[in-house]
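Novice: File final_8.cif below, mmCIF, C-alpha atoms:
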```
data_final
loop_
_atom_site.group_PDB
_atom_site.id
_atom_site.type_symbol
_atom_site.label_atom_id
_atom_site.label_comp_id
_atom_site.auth_asym_id
_atom_site.auth_seq_id
_atom_site.Cartn_x
_atom_site.Cartn_y
_atom_site.Cartn_z
ATOM 1 C CA MET D 1 0.000 0.000 0.000
ATOM 2 C CA LYS D 2 1.221 3.475 -0.821
ATOM 3 C CA HIS D 3 1.975 5.683 2.159
ATOM 4 C CA PRO D 4 -0.621 8.477 1.891
ATOM 5 C CA ASP D 5 0.862 11.262 3.987
ATOM 6 C CA TYR D 6 2.569 12.976 1.044
ATOM 7 C CA GLU D 7 -0.814 13.948 -0.350
ATOM 8 C CA TYR D 8 -1.520 16.722 2.107
ATOM 9 C CA TYR D 9 -0.979 20.134 3.584
ATOM 10 C CA HIS D 10 2.269 21.862 4.389
ATOM 11 C CA GLU D 11 4.765 19.130 3.700
ATOM 12 C CA LYS D 12 7.646 19.532 6.109
ATOM 13 C CA LYS D 13 9.627 16.547 4.915
ATOM 14 C CA SER D 14 12.023 16.932 2.002
ATOM 15 C CA HIS D 15 11.351 15.175 -1.293
ATOM 16 C CA VAL D 16 14.950 15.528 -2.454
ATOM 17 C CA PRO D 17 18.336 14.238 -1.232
ATOM 18 C CA ALA D 18 20.452 16.690 0.719
ATOM 19 C CA ASN D 19 23.648 16.275 -1.326
ATOM 20 C CA PHE D 20 21.914 17.006 -4.650
ATOM 21 C CA PRO D 21 18.435 18.421 -3.985
ATOM 22 C CA TYR D 22 16.679 17.176 -7.114
ATOM 23 C CA ASN D 23 14.273 14.286 -7.605
ATOM 24 C CA THR D 24 11.742 12.952 -10.089
ATOM 25 C CA TYR D 25 9.014 10.312 -10.016
ATOM 26 C CA ILE D 26 5.998 9.121 -11.997
ATOM 27 C CA CYS D 27 2.418 8.998 -10.660
ATOM 28 C CA THR D 28 -0.918 7.964 -12.138
ATOM 29 C CA ILE D 29 -4.358 9.205 -11.135
ATOM 30 C CA PRO D 30 -6.577 7.392 -10.197
ATOM 31 C CA LEU D 31 -4.512 4.173 -10.252
ATOM 32 C CA ASP D 32 -1.937 5.207 -7.628
ATOM 33 C CA PHE D 33 -4.317 7.426 -5.637
ATOM 34 C CA THR D 34 -7.493 9.354 -6.325
ATOM 35 C CA GLN D 35 -5.993 12.823 -5.901
ATOM 36 C CA VAL D 36 -3.211 14.871 -4.368
ATOM 37 C CA ASN D 37 -4.947 17.215 -1.953
ATOM 38 C CA THR D 38 -4.104 20.872 -1.486
ATOM 39 C CA HIS D 39 -0.639 21.331 0.022
ATOM 40 C CA TRP D 40 2.600 23.255 -0.360
ATOM 41 C CA HIS D 41 6.297 22.648 0.236
ATOM 42 C CA LYS D 42 9.700 24.300 0.026
ATOM 43 C CA GLU D 43 10.743 22.682 -3.251
ATOM 44 C CA ALA D 44 9.985 23.999 -6.718
ATOM 45 C CA GLU D 45 7.984 21.517 -8.787
ATOM 46 C CA PHE D 46 7.361 20.779 -12.448
ATOM 47 C CA VAL D 47 4.337 18.624 -13.285
ATOM 48 C CA ILE D 48 4.707 17.144 -16.771
ATOM 49 C CA ILE D 49 1.679 15.338 -18.184
ATOM 50 C CA LYS D 50 2.787 12.118 -19.877
ATOM 51 C CA LYS D 51 -0.582 10.613 -20.775
ATOM 52 C CA GLY D 52 -4.252 11.453 -20.460
ATOM 53 C CA CYS D 53 -5.968 14.454 -18.945
ATOM 54 C CA GLY D 54 -6.434 15.871 -15.450
ATOM 55 C CA ARG D 55 -6.800 18.945 -13.271
ATOM 56 C CA VAL D 56 -4.106 20.904 -11.494
ATOM 57 C CA PHE D 57 -4.843 23.778 -9.129
ATOM 58 C CA VAL D 58 -2.104 26.314 -8.362
ATOM 59 C CA ASP D 59 -2.871 29.079 -5.862
ATOM 60 C CA LEU D 60 -6.588 28.378 -6.297
ATOM 61 C CA GLN D 61 -6.499 28.672 -10.111
ATOM 62 C CA GLN D 62 -7.684 25.600 -12.019
ATOM 63 C CA TYR D 63 -5.843 24.278 -15.089
ATOM 64 C CA ILE D 64 -7.167 21.441 -17.261
ATOM 65 C CA VAL D 65 -3.995 19.699 -18.430
ATOM 66 C CA LEU D 66 -3.360 17.368 -21.360
ATOM 67 C CA GLU D 67 -0.556 15.107 -22.542
ATOM 68 C CA GLY D 68 2.614 17.123 -23.022
ATOM 69 C CA ASP D 69 1.595 20.057 -20.828
ATOM 70 C CA ILE D 70 3.980 21.509 -18.238
ATOM 71 C CA VAL D 71 2.841 23.109 -14.966
ATOM 72 C CA LEU D 72 5.293 25.249 -12.985
ATOM 73 C CA ILE D 73 4.798 25.364 -9.203
ATOM 74 C CA LEU D 74 6.936 27.589 -7.010
ATOM 75 C CA PRO D 75 7.971 26.981 -3.385
ATOM 76 C CA GLY D 76 5.131 27.836 -1.033
ATOM 77 C CA GLN D 77 2.406 27.800 -3.680
ATOM 78 C CA LEU D 78 -0.765 25.932 -2.811
ATOM 79 C CA HIS D 79 -1.427 23.182 -5.329
ATOM 80 C CA SER D 80 -3.423 20.017 -5.867
ATOM 81 C CA ILE D 81 -3.814 17.397 -8.590
ATOM 82 C CA SER D 82 -6.984 15.463 -9.322
ATOM 83 C CA GLN D 83 -8.905 13.449 -11.874
ATOM 84 C CA HIS D 84 -10.852 15.295 -14.571
ATOM 85 C CA ASN D 85 -14.171 13.622 -15.307
ATOM 86 C CA GLU D 86 -13.420 9.931 -15.937
ATOM 87 C CA PHE D 87 -9.990 10.408 -17.521
ATOM 88 C CA CYS D 88 -6.807 8.809 -16.233
ATOM 89 C CA MET D 89 -3.611 10.833 -16.090
ATOM 90 C CA GLU D 90 0.018 9.786 -15.855
ATOM 91 C CA TYR D 91 2.394 12.568 -14.909
ATOM 92 C CA GLU D 92 5.994 13.146 -13.963
ATOM 93 C CA ASN D 93 6.956 15.195 -10.919
ATOM 94 C CA ILE D 94 10.276 17.053 -10.935
ATOM 95 C CA LEU D 95 11.182 18.566 -7.563
ATOM 96 C CA PHE D 96 14.250 20.572 -6.581
ATOM 97 C CA PHE D 97 15.368 23.235 -4.164
ATOM 98 C CA PRO D 98 15.937 26.576 -5.911
ATOM 99 C CA GLY D 99 19.259 26.867 -4.081
ATOM 100 C CA LEU D 100 20.547 24.204 -6.455
ATOM 101 C CA LEU D 101 20.813 26.991 -9.046
ATOM 102 C CA TYR D 102 21.904 29.903 -6.867
ATOM 103 C CA GLY D 103 25.328 31.494 -7.004
ATOM 104 C CA ASN D 104 27.158 33.133 -4.113
ATOM 105 C CA GLY D 105 27.287 36.766 -3.057
ATOM 106 C CA GLN D 106 25.829 39.336 -5.439
ATOM 107 C CA ASP D 107 25.614 37.029 -8.440
ATOM 108 C CA TYR D 108 23.280 38.812 -10.901
ATOM 109 C CA CYS D 109 21.482 35.677 -12.083
ATOM 110 C CA THR D 110 20.597 34.813 -8.503
ATOM 111 C CA SER D 111 19.763 38.234 -7.063
ATOM 112 C CA ARG D 112 17.924 39.772 -10.036
ATOM 113 C CA LEU D 113 16.450 36.754 -11.811
ATOM 114 C CA LEU D 114 16.224 33.385 -10.076
ATOM 115 C CA ARG D 115 15.612 34.364 -6.453
ATOM 116 C CA PRO D 116 12.810 36.847 -7.290
ATOM 117 C CA PHE D 117 11.299 34.260 -9.635
ATOM 118 C CA PHE D 118 11.225 31.481 -7.032
ATOM 119 C CA GLU D 119 9.878 33.963 -4.476
ATOM 120 C CA ASN D 120 6.923 34.463 -6.836
ATOM 121 C CA ASN D 121 7.596 38.112 -7.663
ATOM 122 C CA PHE D 122 7.284 37.860 -11.458
ATOM 123 C CA VAL D 123 4.313 37.237 -13.717
ATOM 124 C CA PHE D 124 4.845 34.032 -15.687
ATOM 125 C CA PRO D 125 2.719 31.335 -17.360
ATOM 126 C CA VAL D 126 1.980 28.570 -14.840
ATOM 127 C CA HIS D 127 0.523 26.274 -17.495
ATOM 128 C CA ILE D 128 2.685 25.786 -20.595
ATOM 129 C CA ASN D 129 1.316 23.806 -23.536
ATOM 130 C CA LYS D 130 2.048 23.247 -27.215
ATOM 131 C CA SER D 131 0.589 26.616 -28.198
ATOM 132 C CA PHE D 132 3.701 28.380 -26.827
ATOM 133 C CA SER D 133 6.301 29.183 -29.486
ATOM 134 C CA ILE D 134 9.159 27.932 -27.283
ATOM 135 C CA TYR D 135 7.317 24.819 -26.088
ATOM 136 C CA ASN D 136 9.507 22.349 -27.995
ATOM 137 C CA LYS D 137 12.689 23.943 -26.661
ATOM 138 C CA LEU D 138 11.385 23.860 -23.090
ATOM 139 C CA TYR D 139 10.244 20.255 -23.377
ATOM 140 C CA SER D 140 13.571 19.207 -24.892
ATOM 141 C CA CYS D 141 15.267 20.374 -21.664
ATOM 142 C CA ILE D 142 12.995 18.102 -19.645
ATOM 143 C CA ASP D 143 13.572 15.206 -22.048
ATOM 144 C CA ALA D 144 17.338 15.665 -21.738
ATOM 145 C CA ILE D 145 17.102 15.680 -17.937
ATOM 146 C CA ASP D 146 15.020 12.483 -17.972
ATOM 147 C CA ILE D 147 17.619 10.767 -20.158
ATOM 148 C CA LEU D 148 20.389 11.755 -17.740
ATOM 149 C CA ARG D 149 18.339 10.480 -14.793
ATOM 150 C CA SER D 150 17.512 7.172 -16.462
ATOM 151 C CA ALA D 151 21.173 6.088 -16.590
ATOM 152 C CA PRO D 152 23.163 8.432 -14.351
ATOM 153 C CA ALA D 153 26.855 8.596 -15.206
ATOM 154 C CA PRO D 154 29.544 10.365 -13.147
ATOM 155 C CA GLY D 155 28.877 14.087 -13.353
ATOM 156 C CA TYR D 156 25.271 13.741 -14.520
ATOM 157 C CA GLU D 157 24.343 16.317 -11.874
ATOM 158 C CA LEU D 158 26.163 18.993 -13.880
ATOM 159 C CA GLY D 159 24.062 18.102 -16.909
ATOM 160 C CA ILE D 160 20.826 18.422 -14.914
ATOM 161 C CA LYS D 161 21.829 21.835 -13.621
ATOM 162 C CA GLY D 162 22.813 22.875 -17.135
ATOM 163 C CA TYR D 163 19.444 21.941 -18.624
ATOM 164 C CA LEU D 164 17.597 23.637 -15.743
ATOM 165 C CA PHE D 165 19.577 26.819 -16.438
ATOM 166 C CA GLN D 166 18.689 26.496 -20.123
ATOM 167 C CA PHE D 167 15.009 25.992 -19.256
ATOM 168 C CA PHE D 168 14.913 29.147 -17.144
ATOM 169 C CA SER D 169 16.953 31.095 -19.669
ATOM 170 C CA LEU D 170 14.231 30.355 -22.229
ATOM 171 C CA LEU D 171 11.541 31.453 -19.770
ATOM 172 C CA PHE D 172 13.232 34.738 -18.954
ATOM 173 C CA THR D 173 14.106 35.498 -22.571
ATOM 174 C CA ASN D 174 10.624 34.824 -23.911
ATOM 175 C CA LEU D 175 7.934 34.719 -21.227
ATOM 176 C CA ILE D 176 8.913 36.791 -18.183
ATOM 177 C CA ASP D 177 9.033 40.561 -17.805
ATOM 178 C CA ILE D 178 11.248 41.247 -14.784
ATOM 179 C CA ASN D 179 9.802 44.768 -14.532
ATOM 180 C CA SER D 180 6.263 43.447 -14.076
ATOM 181 C CA LYS D 181 5.644 42.504 -10.450
ATOM 182 C CA LYS D 182 3.079 39.902 -9.471
ATOM 183 C CA PRO D 183 0.218 40.929 -7.147
ATOM 184 C CA ILE D 184 -0.293 39.006 -3.916
ATOM 185 C CA ASN D 185 -3.057 36.397 -3.981
ATOM 186 C CA SER D 186 -4.759 37.286 -0.692
ATOM 187 C CA HIS D 187 -7.170 34.331 -0.793
ATOM 188 C CA ALA D 188 -4.335 31.827 -1.234
ATOM 189 C CA ALA D 189 -2.387 33.478 1.592
ATOM 190 C CA LYS D 190 -5.416 33.293 3.905
ATOM 191 C CA LEU D 191 -6.018 29.640 3.003
ATOM 192 C CA LYS D 192 -2.392 28.794 3.816
ATOM 193 C CA GLU D 193 -2.863 30.507 7.176
ATOM 194 C CA ILE D 194 -5.947 28.382 7.846
ATOM 195 C CA LEU D 195 -4.306 25.111 6.792
ATOM 196 C CA SER D 196 -1.271 25.888 8.949
ATOM 197 C CA TYR D 197 -3.528 26.459 11.938
ATOM 198 C CA ILE D 198 -5.240 23.114 11.356
ATOM 199 C CA SER D 199 -1.872 21.386 11.000
ATOM 200 C CA ILE D 200 -0.691 22.760 14.348
ATOM 201 C CA HIS D 201 -3.915 22.139 16.283
ATOM 202 C CA HIS D 202 -5.368 19.010 14.646
ATOM 203 C CA SER D 203 -4.623 16.767 17.633
ATOM 204 C CA ARG D 204 -6.989 18.634 19.988
ATOM 205 C CA PRO D 205 -10.742 19.197 19.713
ATOM 206 C CA LEU D 206 -11.191 21.635 16.843
ATOM 207 C CA THR D 207 -14.407 23.225 15.647
ATOM 208 C CA PRO D 208 -15.176 25.453 12.655
ATOM 209 C CA SER D 209 -15.677 28.322 15.103
ATOM 210 C CA ASP D 210 -12.164 27.825 16.506
ATOM 211 C CA VAL D 211 -10.542 28.079 13.085
ATOM 212 C CA ALA D 212 -12.847 30.887 11.955
ATOM 213 C CA TYR D 213 -11.878 32.963 14.993
ATOM 214 C CA ALA D 214 -8.163 32.343 14.384
ATOM 215 C CA ALA D 215 -8.585 33.415 10.744
ATOM 216 C CA GLY D 216 -10.590 36.520 11.588
ATOM 217 C CA PHE D 217 -13.755 35.220 9.908
ATOM 218 C CA SER D 218 -17.284 34.663 11.099
ATOM 219 C CA THR D 219 -18.106 30.966 11.295
ATOM 220 C CA SER D 220 -20.535 31.125 8.372
ATOM 221 C CA HIS D 221 -18.065 33.017 6.158
ATOM 222 C CA PHE D 222 -15.293 30.592 7.074
ATOM 223 C CA MET D 223 -17.422 27.566 6.149
ATOM 224 C CA LYS D 224 -18.265 29.075 2.736
ATOM 225 C CA PHE D 225 -14.675 30.189 2.122
ATOM 226 C CA PHE D 226 -13.261 26.778 3.021
ATOM 227 C CA LYS D 227 -15.736 24.819 0.886
ATOM 228 C CA LYS D 228 -15.220 27.156 -2.090
ATOM 229 C CA TYR D 229 -11.434 26.881 -2.175
ATOM 230 C CA MET D 230 -10.887 23.382 -0.791
ATOM 231 C CA GLY D 231 -13.788 21.629 -2.497
ATOM 232 C CA CYS D 232 -14.774 19.865 0.729
ATOM 233 C CA THR D 233 -16.183 20.752 4.121
ATOM 234 C CA PHE D 234 -14.003 21.635 7.095
ATOM 235 C CA THR D 235 -14.958 18.384 8.846
ATOM 236 C CA GLU D 236 -14.091 16.276 5.790
ATOM 237 C CA TYR D 237 -10.699 17.969 5.504
ATOM 238 C CA LEU D 238 -9.927 17.709 9.213
ATOM 239 C CA ASN D 239 -10.762 13.995 9.270
ATOM 240 C CA ASP D 240 -8.581 13.393 6.196
ATOM 241 C CA TYR D 241 -5.719 15.295 7.786
ATOM 242 C CA ARG D 242 -6.011 13.316 11.004
ATOM 243 C CA LEU D 243 -6.166 10.020 9.122
ATOM 244 C CA SER D 244 -3.026 10.927 7.186
ATOM 245 C CA ALA D 245 -1.273 11.796 10.457
ATOM 246 C CA ALA D 246 -2.427 8.456 11.869
ATOM 247 C CA CYS D 247 -0.954 6.618 8.872
ATOM 248 C CA THR D 248 2.392 8.271 9.520
ATOM 249 C CA LEU D 249 2.362 7.138 13.155
ATOM 250 C CA LEU D 250 1.214 3.627 12.250
ATOM 251 C CA SER D 251 4.107 3.246 9.814
ATOM 252 C CA THR D 252 6.854 4.957 11.835
ATOM 253 C CA THR D 253 6.094 4.057 15.468
ATOM 254 C CA ASP D 254 5.027 1.088 17.606
ATOM 255 C CA LYS D 255 2.421 3.095 19.471
ATOM 256 C CA PRO D 256 -0.872 1.277 20.167
ATOM 257 C CA VAL D 257 -3.750 2.107 17.840
ATOM 258 C CA LEU D 258 -5.738 3.621 20.719
ATOM 259 C CA GLU D 259 -2.887 5.993 21.534
ATOM 260 C CA ILE D 260 -2.535 6.979 17.873
ATOM 261 C CA SER D 261 -6.262 7.598 17.662
ATOM 262 C CA CYS D 262 -6.134 9.990 20.611
ATOM 263 C CA GLU D 263 -2.899 11.631 19.462
ATOM 264 C CA THR D 264 -4.366 12.493 16.066
ATOM 265 C CA GLY D 265 -7.556 14.025 17.450
ATOM 266 C CA PHE D 266 -9.932 11.044 17.438
ATOM 267 C CA ALA D 267 -11.248 10.707 20.974
ATOM 268 C CA ASN D 268 -13.438 7.744 20.007
ATOM 269 C CA LEU D 269 -11.556 4.620 18.835
ATOM 270 C CA SER D 270 -14.607 3.107 17.148
ATOM 271 C CA TYR D 271 -15.138 6.287 15.131
ATOM 272 C CA PHE D 272 -11.445 6.356 14.168
ATOM 273 C CA ASN D 273 -11.532 2.728 13.010
ATOM 274 C CA ARG D 274 -14.698 3.321 11.000
ATOM 275 C CA LEU D 275 -13.322 6.402 9.209
ATOM 276 C CA PHE D 276 -9.960 4.748 8.564
ATOM 277 C CA LYS D 277 -11.551 1.664 6.984
ATOM 278 C CA LYS D 278 -13.887 3.814 4.906
ATOM 279 C CA LYS D 279 -10.959 5.794 3.465
ATOM 280 C CA TYR D 280 -8.305 3.083 3.064
ATOM 281 C CA GLY D 281 -10.390 -0.085 2.827
ATOM 282 C CA ILE D 282 -8.696 -1.807 5.781
ATOM 283 C CA SER D 283 -8.438 -1.329 9.535
ATOM 284 C CA PRO D 284 -5.505 0.529 11.140
ATOM 285 C CA ARG D 285 -4.080 -2.735 12.499
ATOM 286 C CA ILE D 286 -4.155 -4.450 9.113
ATOM 287 C CA TYR D 287 -2.684 -1.313 7.514
ATOM 288 C CA ARG D 288 0.265 -1.508 9.898
ATOM 289 C CA LYS D 289 0.791 -5.212 9.155
ATOM 290 C CA SER D 290 0.702 -4.548 5.392
ATOM 291 C CA LEU D 291 3.658 -2.153 5.474
#
```
Once more with this new file: its structure as structure tokens, please.
Specialist:
Amino acid sequence: MKHPDYEYYHEKKSHVPANFPYNTYICTIPLDFTQVNTHWHKEAEFVIIKKGCGRVFVDLQQYIVLEGDIVLILPGQLHSISQHNEFCMEYENILFFPGLLYGNGQDYCTSRLLRPFFENNFVFPVHINKSFSIYNKLYSCIDAIDILRSAPAPGYELGIKGYLFQFFSLLFTNLIDINSKKPINSHAAKLKEILSYISIHHSRPLTPSDVAYAAGFSTSHFMKFFKKYMGCTFTEYLNDYRLSAACTLLSTTDKPVLEISCETGFANLSYFNRLFKKKYGISPRIYRKSL
């Protein structure tokens, strides 16, 4: 069984090795999992659609993506991936820390171009498809990186960095105006604030009124805001978050199921078992044995 905790929220774990912070992997929706729920992390991410069709949300904006499309996601941006209608979608994730490309000191490329870009200060196309004049050149950089990764030879890391530099050189030369600053998405920022609050306080009793108060909303406005931008109710999200946290504890500790239930905010063991089996198809105990 796939470990589900990577699907959610503010991901604090790293997806990339420390000595060369770059990684890539293939996923399929809905065969591997039904969706990747709204979350954010410190790595930059490319989502490259290999087959089929799906939906990607970035900072609350929906993109219907097709085979060959490229989606650019910056560190800290809220994003999710899900099935579109009844279509399947196979996609490649490329993740890396922006620091992989940074120079030292007052290096112009870092201070004036790359760092402001990865800090989301420039306007740029999030969704790149075959209608872009430089699409083939951009995609050839990704193809070259995939070839290097498929059979890594000594020094292949230099090649990956080189093609990433070429990719961003094409973006800046053709698609980014460094004098045009990007406005702040206040709704995305508020949603991140709310999700962070839930992440910190999920283990204790938590009501919509609690989170609404922390966010500066009335309870009714909070419930509408949350449903609009998350596509689910607060209770549905909170239960999913707690179940994901429970999966992490089941797979990484020897704590009894009752203790894990309480630690993740489920005061009633029977209720925890029922929700867990409904979501994952098996009980928490069998889940632990299957790892």
Novice: Taking into account only C-alpha atoms, which residue in the set D:Asn104, D:Ser218, D:Asn37, D:Gln62 is nearest to His127 of chain D?
Specialist: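 Nearest to His127 of chain D: D:Gln62.
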Novice: Can you pull out every residue within 10 Å of Gln166 of chain D, counting all atoms listed in the file, but drop anything in the same chain fewer than 6 positions away, and send it as a ChimeraX atom specification?
Specialist: /D:137-138,141,160,172
Novice: Starting from the shown file, work through the PyMOL selection byres ((chain D and resi 112) around 12) and note down what comes out as a PyMOL selection string.
Specialist: chain D and resi 102-103+106-111+113-119+121-122+172+177-179
Novice: Which neighbours of Asp143 of chain D fall inside 12 Å, counting only C-alpha atoms, when residues of the same chain fewer than 3 positions from it are skipped, and could you give them as a JSON list (two decimals) with C-alpha atoms, in the coordinates of the input?
Specialist:
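Produced file around_8.json, reproduced below:
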```json
[["chain", "number", "residue", "atom", "x", "y", "z"],
["D", 48, "ILE", "CA", 4.71, 17.14, -16.77],
["D", 50, "LYS", "CA", 2.79, 12.12, -19.88],
["D", 68, "GLY", "CA", 2.61, 17.12, -23.02],
["D", 92, "GLU", "CA", 5.99, 13.15, -13.96],
["D", 94, "ILE", "CA", 10.28, 17.05, -10.94],
["D", 136, "ASN", "CA", 9.51, 22.35, -28.00],
["D", 137, "LYS", "CA", 12.69, 23.94, -26.66],
["D", 138, "LEU", "CA", 11.38, 23.86, -23.09],
["D", 139, "TYR", "CA", 10.24, 20.26, -23.38],
["D", 140, "SER", "CA", 13.57, 19.21, -24.89],
["D", 146, "ASP", "CA", 15.02, 12.48, -17.97],
["D", 147, "ILE", "CA", 17.62, 10.77, -20.16],
["D", 148, "LEU", "CA", 20.39, 11.76, -17.74],
["D", 149, "ARG", "CA", 18.34, 10.48, -14.79],
["D", 150, "SER", "CA", 17.51, 7.17, -16.46],
["D", 160, "ILE", "CA", 20.83, 18.42, -14.91],
["D", 163, "TYR", "CA", 19.44, 21.94, -18.62],
["D", 164, "LEU", "CA", 17.60, 23.64, -15.74],
["D", 167, "PHE", "CA", 15.01, 25.99, -19.26]]
```
Novice: Selected by the PyMOL selection byres ((chain D and resi 201) around 12) in the shown coordinates: which residues, as a list in words?
Specialist: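 After applying the PyMOL selection byres ((chain D and resi 201) around 12), what remains is Ile194, Leu195, Ser196, Tyr197, Ile198, Ser199, Ile200, His202, Ser203, Arg204, Pro205, Leu206, Thr207, Asp210, Val211, Ala214, Leu238, Tyr241, Arg242, Glu263, Thr264 and Gly265 of chain D.
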Novice: In Å, with one decimal, what is the gap from atom CA of Pro183 of chain D to atom CA of Val123 of chain D?
Specialist: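 Distance reported for this atom pair: 8.6 Å.
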Novice: By how many Å are atom CA of Gly99 of chain D and atom CA of Ser186 of chain D apart?
Specialist: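 Value for the atom CA of Gly99 of chain D-atom CA of Ser186 of chain D distance: 26.4 Å.
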Novice: Can you work out which one of D:Lys289, D:Asn85, D:Glu90, D:Gly52 has the shortest atom-to-atom distance to Asp32 of chain D, counting only C-alpha atoms?
Specialist: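 Among the listed residues, the smallest separation from Asp32 of chain D belongs to D:Glu90.
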Novice: Just the number, please: distance in Å from atom CA of Glu43 of chain D to atom CA of Pro98 of chain D, one decimal.
Specialist: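 Those two atoms sit 7.0 Å apart.
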